[in-house]
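Enquirer: One structure is given below, represented as structure tokens, and several questions about it will come after.
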Amino acid sequence: MDLQIREQTVLALYRAGEKGLTAQEISSNLARKKNGGELSRELDDMRRSGTLGFSKSRYFLKNPDKFHEGTVTKVARSHGFILLCDSEEGEEVFVRGKDLHGAVPGDKVLLKIIADKDENNRSRTAVVTTVISFTEQMLTGTVVDYNGEIRLQPSTFSSPVPLVIVGFGGSDVRVDDKVRFVIRKRGDRHSEHIATITHVFGSSDMAKVSVAAYIEEKQIPVEFPDEVIKQAEEIEKRGISSGEKAMRTDLRHLPIFTIDGADTKDIDDAISLEKTANGYKLGVHIADVSHYVKKGTPLDEEAFRRGTSIYIADRVIPMLPKELSNGICSLNPNEERLAFSCLMELDNEGTIKKYRFAKTLIKSRVKGVYSEVNQIIDGTAPTEILEKYSEVSEQIPVMTELAAILQNNRKKRGAPEINSVESKIICDENGVCIDIKPRTSGVSENMIEEFMLAANNCAAKAGMDNHFPFVYRIHENPTAEKLIALQETLVAMGINPVGINEHSTAADLANLLESCKDDPRAPIIHRMTLRTMMKAKYSEEPVGHFGLVMKEYAHFTSPIRRLADLSVHRILTDYVNGEAAKLERRYKRFSVENSARASETETIAVNAERDCEKFYAAEYMKNHIGEEFEGIISGVINSGIFVELPNTVEGRVDTFTLPQGEYEVRNGIILVETLSNTVYAMGDSVKVKVANVNVGSGQIDFELVEHKQ
């Protein structure tokens, strides 16, 4: 059996479609010619196996609807996922490792569906029939000692046996080095690939080295092109002219100020607030980035390419050069800045009665810090902090008052309050992780969030009310399948899923979370609820926001770090300047393309931040091997359980370290040892010992010390 002939034949017949091909036409598609007898035998074998049909001297694929082209997106230890090229919904299919045919992430393949979704709505299963084209993406890995031989363990795909290395790129390579490599020779299995090292990043035992390799592997742009830097430097050097100031609504008299984290350098939003006889006048003042980033310029093209800033531990990969993000566009205290303001009038119930957008000139009074404002609010601020905020001190009580009203309105709308804990990674001056803590949120953080939501809501209202092209932030309703899965999981946990069914609303989910707030498994229930909901994204169609229970929602408030907000600013600028009649022609295609790009780059950024966080978590836990920690079971799979510690670090307990037996997952929430009926359930309290850490892969292995249930 000649596998290459079969692969090439299937690909040729797939591309030929219903008309099929004659034996002679098939022969012309083969890279290596076969004589008529050999080809005839191969085709007869494929007919007997049910792969091919034959009619009127022409061969054709049986069940052609089962064949698809796709791009490999992920390859793990035992399986992979492939994105179907012909799927509008971005469907990914599951492929067992042995059926990947050696394909690696980025490869384009022809695949055949062999199983549809199962009763748990898991992905369709496929096998790769042909690798159509090889990826040009960067590949990275770690040098390992394999039975005394220097070999390579890839990062982007899993190989049961490390790859043979032929050529070291003229570098001194050590075991545990993180490297870039190319596949010199392809095999039919991952372990049969032969690699050549092209670059050495450094020791994989350092998180920042693994991050550098990851960034290059994912082709995330770090350095700005020269023409982009030059344009940014010219803009910063030019400053703000008197002519630009004269064209603006002058708001320098207002006590405007910013509130951000203590280490924030790209300050893009500021607040002003006044209590009136009928309610409140709220101003949300955003850096006027679109004034500087003009359409079609190098800066604009680079912002489109990057799509968003990426925040990894102690570093930022910005969407715009620091001359803009930390300079002329940053709303630094006591400096005149050009802003795009959303000026709102709200009644005493927090309802927005009027709003307008204006190009403004502002001057922030103080660079507020969340922790300091929280001290002022709770009455613990020392004298020096009170003095720092003296110019805006009268606004802070009014801000807390309005924010409380807006938060209560959100609750009345039925918006679920999902508590998802984020990690705060603390590094020393050398970029080494020395601590990890849960990121906390106080009154001032929630306060600013509510004001930003109000401005974002007004931006979307402007687009919808005036029917011009726009970039909306949307959050679609959960699918019936996901809601039913949540219902069944809750029942399996012994929780009465009141209101949870295929028609559940956001309010139903909010009621579930409220009813379970005192349950020790509440963090797990919050996580399951979050996974039930769809992923928010950007769209030119205003379908609304399920999680916020808003019909009108967009992103207006962070144009320094998000393409979507910059796009919204550009559209609203022309609207404010009286060019409404030109918006349809000018922005119809723009809104489609920028929505898609913003969604795509957001996914890249979220994945990068999450994946790189694991390197730092492993680096931190490396210094705690042998120590014991309390935690909860946060996930279960057939081969083990995941345990999350109070500091947000998550590791895995493999079943081979548990009592010997047969383990299986039931209802997606419990791992059962079937002989003894021992149950490990999500939410159970446990004590674990740190057994092993691999910084380069971000893997942390625990051993179970005590199962408290």
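Going through the structure tokens in order, the chains are called A, B, and so on, while each chain numbers its residues from 1 and the ligands are numbered from 1 in the order shown.
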Please identify all polymer residues within 9 Å of segment 490-492 of chain A, counting only C-alpha atoms, omitting same-chain residues fewer than 2 positions from it, and present them as a compact mmCIF listing (two decimals) with C-alpha atoms, in the first residue's frame.
Expert:
# COMPACT_ATOMS: atom_id res chain seq x y z
CA ALA A 485 -25.30 20.76 29.99
CA LEU A 486 -25.18 23.25 32.88
CA GLN A 487 -28.55 22.03 34.13
CA GLU A 488 -27.42 18.39 34.07
CA GLY A 494 -27.05 17.89 44.01
CA ILE A 495 -28.11 21.46 43.26
CA ASN A 496 -31.70 22.24 42.29
CA PRO A 497 -31.29 24.07 38.94
CA ILE A 525 -20.37 27.14 39.95
CA ARG A 666 -18.84 11.23 35.21
CA ASN A 667 -21.10 14.19 34.46
CA ILE A 669 -17.56 17.08 37.44
Enquirer: Excluding Gly239 of chain A and its own-chain neighbours fewer than 6 positions away, which residues fall within 10 Å of it when counting only C-alpha atoms? Please give them as a PyMOL selection string.
Expert: chain A and resi 327-328+336-337
Enquirer: Do you know which residues are at most 6 Å from segment 277-281 of chain A counting only C-alpha atoms, after dropping those on the same chain fewer than 3 positions away, and could you put them as JSON, numbers by chain?
Expert: {"A": [273, 274, 344, 345, 346, 347, 348]}
Enquirer: May I have the selected residues written with N, CA and C atoms, as a CSV table (one decimal), in the first residue's frame?
Expert:
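Saved result, selection-v1.csv, follows:
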chain,number,residue,atom,x,y,z
A,273,LEU,N,-17.6,64.7,37.4
A,273,LEU,CA,-19.0,64.4,37.9
A,273,LEU,C,-19.5,65.6,38.7
A,274,GLU,N,-20.7,65.9,38.4
A,274,GLU,CA,-21.4,67.0,39.1
A,274,GLU,C,-22.8,66.6,39.6
A,344,MET,N,-22.8,63.1,29.7
A,344,MET,CA,-24.1,62.5,30.0
A,344,MET,C,-24.8,63.2,31.1
A,345,GLU,N,-26.2,63.2,31.0
A,345,GLU,CA,-27.0,63.7,32.0
A,345,GLU,C,-27.9,62.5,32.5
A,346,LEU,N,-27.8,62.2,33.8
A,346,LEU,CA,-28.5,61.1,34.4
A,346,LEU,C,-29.5,61.6,35.4
A,347,ASP,N,-30.7,61.0,35.5
A,347,ASP,CA,-31.6,61.3,36.6
A,347,ASP,C,-31.2,60.7,37.9
A,348,ASN,N,-32.0,60.9,39.0
A,348,ASN,CA,-31.6,60.4,40.3
A,348,ASN,C,-31.7,58.8,40.4
Enquirer: Run DSSP on the backbone of this structure and report the residues of segment 311-344 of chain A it assigns to helix (DSSP H, G or I), as number ranges by chain.
Expert: A: 322-328
Enquirer: Which residues, written as an NGL selection string, have at least one atom at most 10 Å from Val131 of chain A, with only C-alpha atoms counted and residues fewer than 3 positions away on the same chain left out?
Expert: :A and (7-8 or 11 or 69-72 or 100-104 or 107-111 or 128 or 134 or 188)
Enquirer: Only C-alpha atoms, please: the residues just picked out, written as an mmCIF file, in the first residue's frame.
Expert:
data_model
loop_
_atom_site.group_PDB
_atom_site.id
_atom_site.type_symbol
_atom_site.label_atom_id
_atom_site.label_comp_id
_atom_site.auth_asym_id
_atom_site.auth_seq_id
_atom_site.Cartn_x
_atom_site.Cartn_y
_atom_site.Cartn_z
ATOM 1 C CA GLU A 7 -3.098 10.806 -0.045
ATOM 2 C CA GLN A 8 -2.529 12.487 -3.385
ATOM 3 C CA LEU A 11 -6.773 15.255 -2.430
ATOM 4 C CA GLU A 69 -9.876 21.369 4.363
ATOM 5 C CA GLY A 70 -8.679 22.783 7.653
ATOM 6 C CA THR A 71 -5.820 24.349 9.580
ATOM 7 C CA VAL A 72 -4.281 22.628 12.589
ATOM 8 C CA LEU A 100 -2.860 13.615 12.811
ATOM 9 C CA HIS A 101 -0.482 12.142 10.246
ATOM 10 C CA GLY A 102 2.380 14.199 11.691
ATOM 11 C CA ALA A 103 0.597 17.534 11.135
ATOM 12 C CA VAL A 104 1.707 20.411 13.358
ATOM 13 C CA ASP A 107 -0.309 23.057 8.696
ATOM 14 C CA LYS A 108 -3.158 23.012 6.183
ATOM 15 C CA VAL A 109 -4.688 19.553 5.863
ATOM 16 C CA LEU A 110 -7.435 17.546 4.211
ATOM 17 C CA LEU A 111 -9.448 15.638 6.799
ATOM 18 C CA VAL A 128 -6.130 13.677 8.615
ATOM 19 C CA PHE A 134 3.450 22.904 5.675
ATOM 20 C CA ASP A 188 4.319 10.425 9.004
#
Enquirer: I need the residue nearest Gln24 of chain A from this list: A:Ala608, A:Val686, A:Leu39, A:Ile317. Use only C-alpha atoms for the distance.
Expert: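 Among the listed residues, the smallest separation from Gln24 of chain A belongs to A:Leu39.
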Enquirer: Which residue gives the smallest distance to Asp176 of chain A among A:Cys458, A:Ile271, A:Ile700, A:Val695, with only C-alpha atoms counted?
Expert: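 Comparing A:Cys458, A:Ile271, A:Ile700, A:Val695 against Asp176 of chain A, the winner is A:Val695.
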Enquirer: Would you please give, as a count of residues only, all residues of segment 57-227 of chain A that DSSP assigns to strand (DSSP E) based on the backbone?
Expert: 76
Enquirer: At what distance in Å, to one decimal, does atom CA of Leu343 of chain A lie from atom CA of Ile259 of chain A?
Expert: 18.1 Å
Enquirer: Tell me, as an MDAnalysis selection string, which residues lie within 10 Å of Ser325 of chain A, counting only C-alpha atoms; anything in the same chain fewer than 3 positions away does not count.
Expert: chainID A and resid 232 265:268 287 289 318:322 328:331 559:561
Enquirer: Limited to N, CA and C atoms, could you put the picked residues into a file as an mmCIF file, in the first residue's frame?
Expert:
data_model
loop_
_atom_site.group_PDB
_atom_site.id
_atom_site.type_symbol
_atom_site.label_atom_id
_atom_site.label_comp_id
_atom_site.auth_asym_id
_atom_site.auth_seq_id
_atom_site.Cartn_x
_atom_site.Cartn_y
_atom_site.Cartn_z
ATOM 1 N N ALA A 232 5.403 58.446 15.117
ATOM 2 C CA ALA A 232 5.025 58.671 16.520
ATOM 3 C C ALA A 232 5.901 59.744 17.154
ATOM 4 N N LYS A 265 0.808 53.318 32.901
ATOM 5 C CA LYS A 265 1.478 54.405 32.175
ATOM 6 C C LYS A 265 0.644 54.902 30.991
ATOM 7 N N ASP A 266 -0.199 54.008 30.427
ATOM 8 C CA ASP A 266 -1.045 54.414 29.296
ATOM 9 C C ASP A 266 -2.431 54.780 29.819
ATOM 10 N N ILE A 267 -2.571 56.021 30.258
ATOM 11 C CA ILE A 267 -3.802 56.482 30.908
ATOM 12 C C ILE A 267 -4.740 57.047 29.844
ATOM 13 N N ASP A 268 -5.811 56.312 29.558
ATOM 14 C CA ASP A 268 -6.659 56.766 28.444
ATOM 15 C C ASP A 268 -8.060 57.210 28.856
ATOM 16 N N ALA A 287 -8.820 59.684 25.812
ATOM 17 C CA ALA A 287 -7.738 60.183 24.959
ATOM 18 C C ALA A 287 -8.162 60.141 23.494
ATOM 19 N N VAL A 289 -7.216 59.450 20.540
ATOM 20 C CA VAL A 289 -6.173 58.756 19.787
ATOM 21 C C VAL A 289 -6.396 58.873 18.278
ATOM 22 N N PRO A 318 2.572 46.917 23.512
ATOM 23 C CA PRO A 318 1.526 47.903 23.224
ATOM 24 C C PRO A 318 1.033 47.867 21.787
ATOM 25 N N MET A 319 -0.195 48.338 21.597
ATOM 26 C CA MET A 319 -0.738 48.474 20.246
ATOM 27 C C MET A 319 -0.117 49.674 19.540
ATOM 28 N N LEU A 320 0.229 50.698 20.318
ATOM 29 C CA LEU A 320 0.804 51.927 19.760
ATOM 30 C C LEU A 320 2.140 52.228 20.441
ATOM 31 N N PRO A 321 3.057 52.901 19.756
ATOM 32 C CA PRO A 321 4.363 53.222 20.354
ATOM 33 C C PRO A 321 4.206 54.072 21.616
ATOM 34 N N LYS A 322 5.212 53.976 22.498
ATOM 35 C CA LYS A 322 5.153 54.671 23.792
ATOM 36 C C LYS A 322 5.063 56.184 23.627
ATOM 37 N N ILE A 328 1.859 61.625 24.285
ATOM 38 C CA ILE A 328 0.891 62.646 23.904
ATOM 39 C C ILE A 328 -0.557 62.198 24.082
ATOM 40 N N CYS A 329 -0.820 60.896 24.051
ATOM 41 C CA CYS A 329 -2.194 60.419 24.218
ATOM 42 C C CYS A 329 -2.535 60.061 25.665
ATOM 43 N N SER A 330 -1.536 59.975 26.521
ATOM 44 C CA SER A 330 -1.785 59.598 27.908
ATOM 45 C C SER A 330 -2.254 60.810 28.701
ATOM 46 N N LEU A 331 -3.343 60.662 29.425
ATOM 47 C CA LEU A 331 -3.955 61.790 30.148
ATOM 48 C C LEU A 331 -3.215 62.043 31.457
ATOM 49 N N PRO A 559 -9.018 53.505 23.473
ATOM 50 C CA PRO A 559 -8.453 53.536 22.112
ATOM 51 C C PRO A 559 -6.934 53.432 22.069
ATOM 52 N N ILE A 560 -6.259 53.648 23.198
ATOM 53 C CA ILE A 560 -4.809 53.488 23.220
ATOM 54 C C ILE A 560 -4.438 52.021 23.055
ATOM 55 N N ARG A 561 -5.273 51.131 23.592
ATOM 56 C CA ARG A 561 -4.885 49.716 23.631
ATOM 57 C C ARG A 561 -5.820 48.766 22.901
#
Enquirer: For segment 351-368 of chain A, please output as number ranges by chain all residues within 8 Å (counting only C-alpha atoms; exclusion window: fewer than 4 positions along the same chain).
Expert: A: 245, 248-252, 255-260, 270, 288, 331-347, 372-373, 388-389, 391-392, 458, 572-573, 576
Enquirer: Pick out the closest residue to Val549 of chain A from this set: A:Ile474, A:Val284, A:Ala580, A:Leu645. Count only C-alpha atoms.
Expert: A:Ile474
Enquirer: Please indicate the distance in Å from atom CA of Glu579 of chain A to atom CA of Pro469 of chain A, rounded to one decimal place.
Expert: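 Value for the atom CA of Glu579 of chain A-atom CA of Pro469 of chain A distance: 12.9 Å.
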Enquirer: Between A:Asp508, A:Glu223, A:Glu234, A:Asp269, which is the closest to Glu302 of chain A once you count only C-alpha atoms?
Expert: A:Glu223
Enquirer: Measuring between only C-alpha atoms, which one of A:Glu609, A:Arg473, A:Leu513, A:Asn466 shows the shortest distance to Glu417 of chain A?
Expert: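 Going through A:Glu609, A:Arg473, A:Leu513, A:Asn466 one by one, the smallest distance to Glu417 of chain A is for A:Leu513.
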Enquirer: What does the distance between atom CA of Ala581 of chain A and atom CA of Thr557 of chain A come to in Å, to one decimal place?
Expert: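 It comes out at 25.1 Å.
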Enquirer: Restricting the calculation to only C-alpha atoms: of A:Val200, A:Ile500, A:Ala76, A:Met247, which residue gets closest to Asn577 of chain A?
Expert: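 Ranked by minimum distance to Asn577 of chain A, first place goes to A:Met247.
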Enquirer: If you count only C-alpha atoms, which residues fall within 12 Å of His190 of chain A, apart from same-chain ones fewer than 3 positions away, as a PyMOL selection string?
Expert: chain A and resi 75-80+97-105+152-154+156-164+183+185-187+193-195
Enquirer: Let's have the selection written as a short mmCIF file (atom, residue, chain, number, x, y, z; two decimals), in the first residue's frame, with N, CA and C atoms.
Expert:
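Full text of part.cif as output:
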data_model
loop_
_atom_site.label_atom_id
_atom_site.label_comp_id
_atom_site.auth_asym_id
_atom_site.auth_seq_id
_atom_site.Cartn_x
_atom_site.Cartn_y
_atom_site.Cartn_z
N VAL A 75 -2.02 20.98 18.98
CA VAL A 75 -1.65 19.58 19.10
C VAL A 75 -1.15 19.35 20.52
N ALA A 76 -1.87 18.54 21.27
CA ALA A 76 -1.49 18.22 22.64
C ALA A 76 -0.86 16.83 22.69
N ARG A 77 -0.72 16.30 23.91
CA ARG A 77 -0.03 15.03 24.10
C ARG A 77 -0.71 13.89 23.34
N SER A 78 -2.03 13.85 23.33
CA SER A 78 -2.73 12.70 22.77
C SER A 78 -3.75 13.06 21.69
N HIS A 79 -3.83 14.34 21.33
CA HIS A 79 -4.86 14.74 20.38
C HIS A 79 -4.53 16.11 19.79
N GLY A 80 -5.37 16.52 18.86
CA GLY A 80 -5.22 17.84 18.28
C GLY A 80 -6.56 18.38 17.85
N GLY A 97 -4.19 11.80 18.36
CA GLY A 97 -2.80 12.03 18.01
C GLY A 97 -2.31 11.14 16.89
N LYS A 98 -2.68 9.85 16.93
CA LYS A 98 -2.21 8.92 15.92
C LYS A 98 -2.83 9.18 14.55
N ASP A 99 -3.93 9.95 14.53
CA ASP A 99 -4.62 10.24 13.26
C ASP A 99 -4.24 11.60 12.67
N LEU A 100 -3.26 12.29 13.30
CA LEU A 100 -2.86 13.62 12.81
C LEU A 100 -1.90 13.53 11.62
N HIS A 101 -1.34 12.35 11.41
CA HIS A 101 -0.48 12.14 10.25
C HIS A 101 0.75 13.05 10.30
N GLY A 102 1.19 13.37 11.53
CA GLY A 102 2.38 14.20 11.69
C GLY A 102 2.14 15.68 11.52
N ALA A 103 0.89 16.11 11.34
CA ALA A 103 0.60 17.53 11.13
C ALA A 103 0.88 18.33 12.40
N VAL A 104 1.38 19.54 12.23
CA VAL A 104 1.71 20.41 13.36
C VAL A 104 0.89 21.70 13.24
N PRO A 105 0.77 22.48 14.32
CA PRO A 105 -0.01 23.72 14.26
C PRO A 105 0.41 24.63 13.11
N LEU A 152 15.20 17.09 20.93
CA LEU A 152 14.35 18.29 21.02
C LEU A 152 12.90 17.91 21.31
N GLN A 153 12.34 18.49 22.37
CA GLN A 153 10.93 18.30 22.68
C GLN A 153 10.16 19.54 22.23
N PRO A 154 9.31 19.43 21.19
CA PRO A 154 8.61 20.61 20.67
C PRO A 154 7.63 21.20 21.69
N THR A 156 5.07 23.34 20.43
CA THR A 156 3.83 23.57 19.71
C THR A 156 3.08 22.29 19.36
N PHE A 157 3.76 21.17 19.47
CA PHE A 157 3.08 19.89 19.29
C PHE A 157 3.76 18.86 20.16
N SER A 158 3.00 17.84 20.52
CA SER A 158 3.51 16.85 21.45
C SER A 158 4.04 15.65 20.69
N SER A 159 5.20 15.19 21.08
CA SER A 159 5.79 14.00 20.48
C SER A 159 6.17 13.03 21.60
N PRO A 160 5.72 11.77 21.53
CA PRO A 160 6.05 10.81 22.59
C PRO A 160 7.54 10.56 22.69
N VAL A 161 8.25 10.75 21.59
CA VAL A 161 9.71 10.61 21.57
C VAL A 161 10.29 11.93 21.07
N PRO A 162 11.22 12.54 21.81
CA PRO A 162 11.82 13.80 21.34
C PRO A 162 12.43 13.66 19.95
N LEU A 163 12.46 14.77 19.22
CA LEU A 163 12.92 14.75 17.83
C LEU A 163 14.44 14.65 17.73
N VAL A 164 14.88 13.96 16.70
CA VAL A 164 16.29 13.93 16.36
C VAL A 164 16.69 15.31 15.84
N ILE A 183 11.61 22.09 10.83
CA ILE A 183 11.57 20.66 10.55
C ILE A 183 12.33 20.43 9.25
N LYS A 185 13.16 17.45 7.95
CA LYS A 185 12.56 16.36 7.20
C LYS A 185 11.29 15.92 7.91
N ARG A 186 10.23 15.80 7.15
CA ARG A 186 8.93 15.40 7.70
C ARG A 186 8.79 13.88 7.73
N GLY A 187 8.13 13.42 8.82
CA GLY A 187 7.76 12.02 8.93
C GLY A 187 6.25 11.88 8.97
N HIS A 193 9.69 13.35 12.77
CA HIS A 193 10.23 14.59 12.21
C HIS A 193 11.69 14.76 12.64
N ILE A 194 12.49 15.36 11.77
CA ILE A 194 13.89 15.65 12.08
C ILE A 194 14.06 17.16 12.09
N ALA A 195 14.71 17.69 13.15
CA ALA A 195 14.75 19.14 13.38
C ALA A 195 16.15 19.71 13.20
#
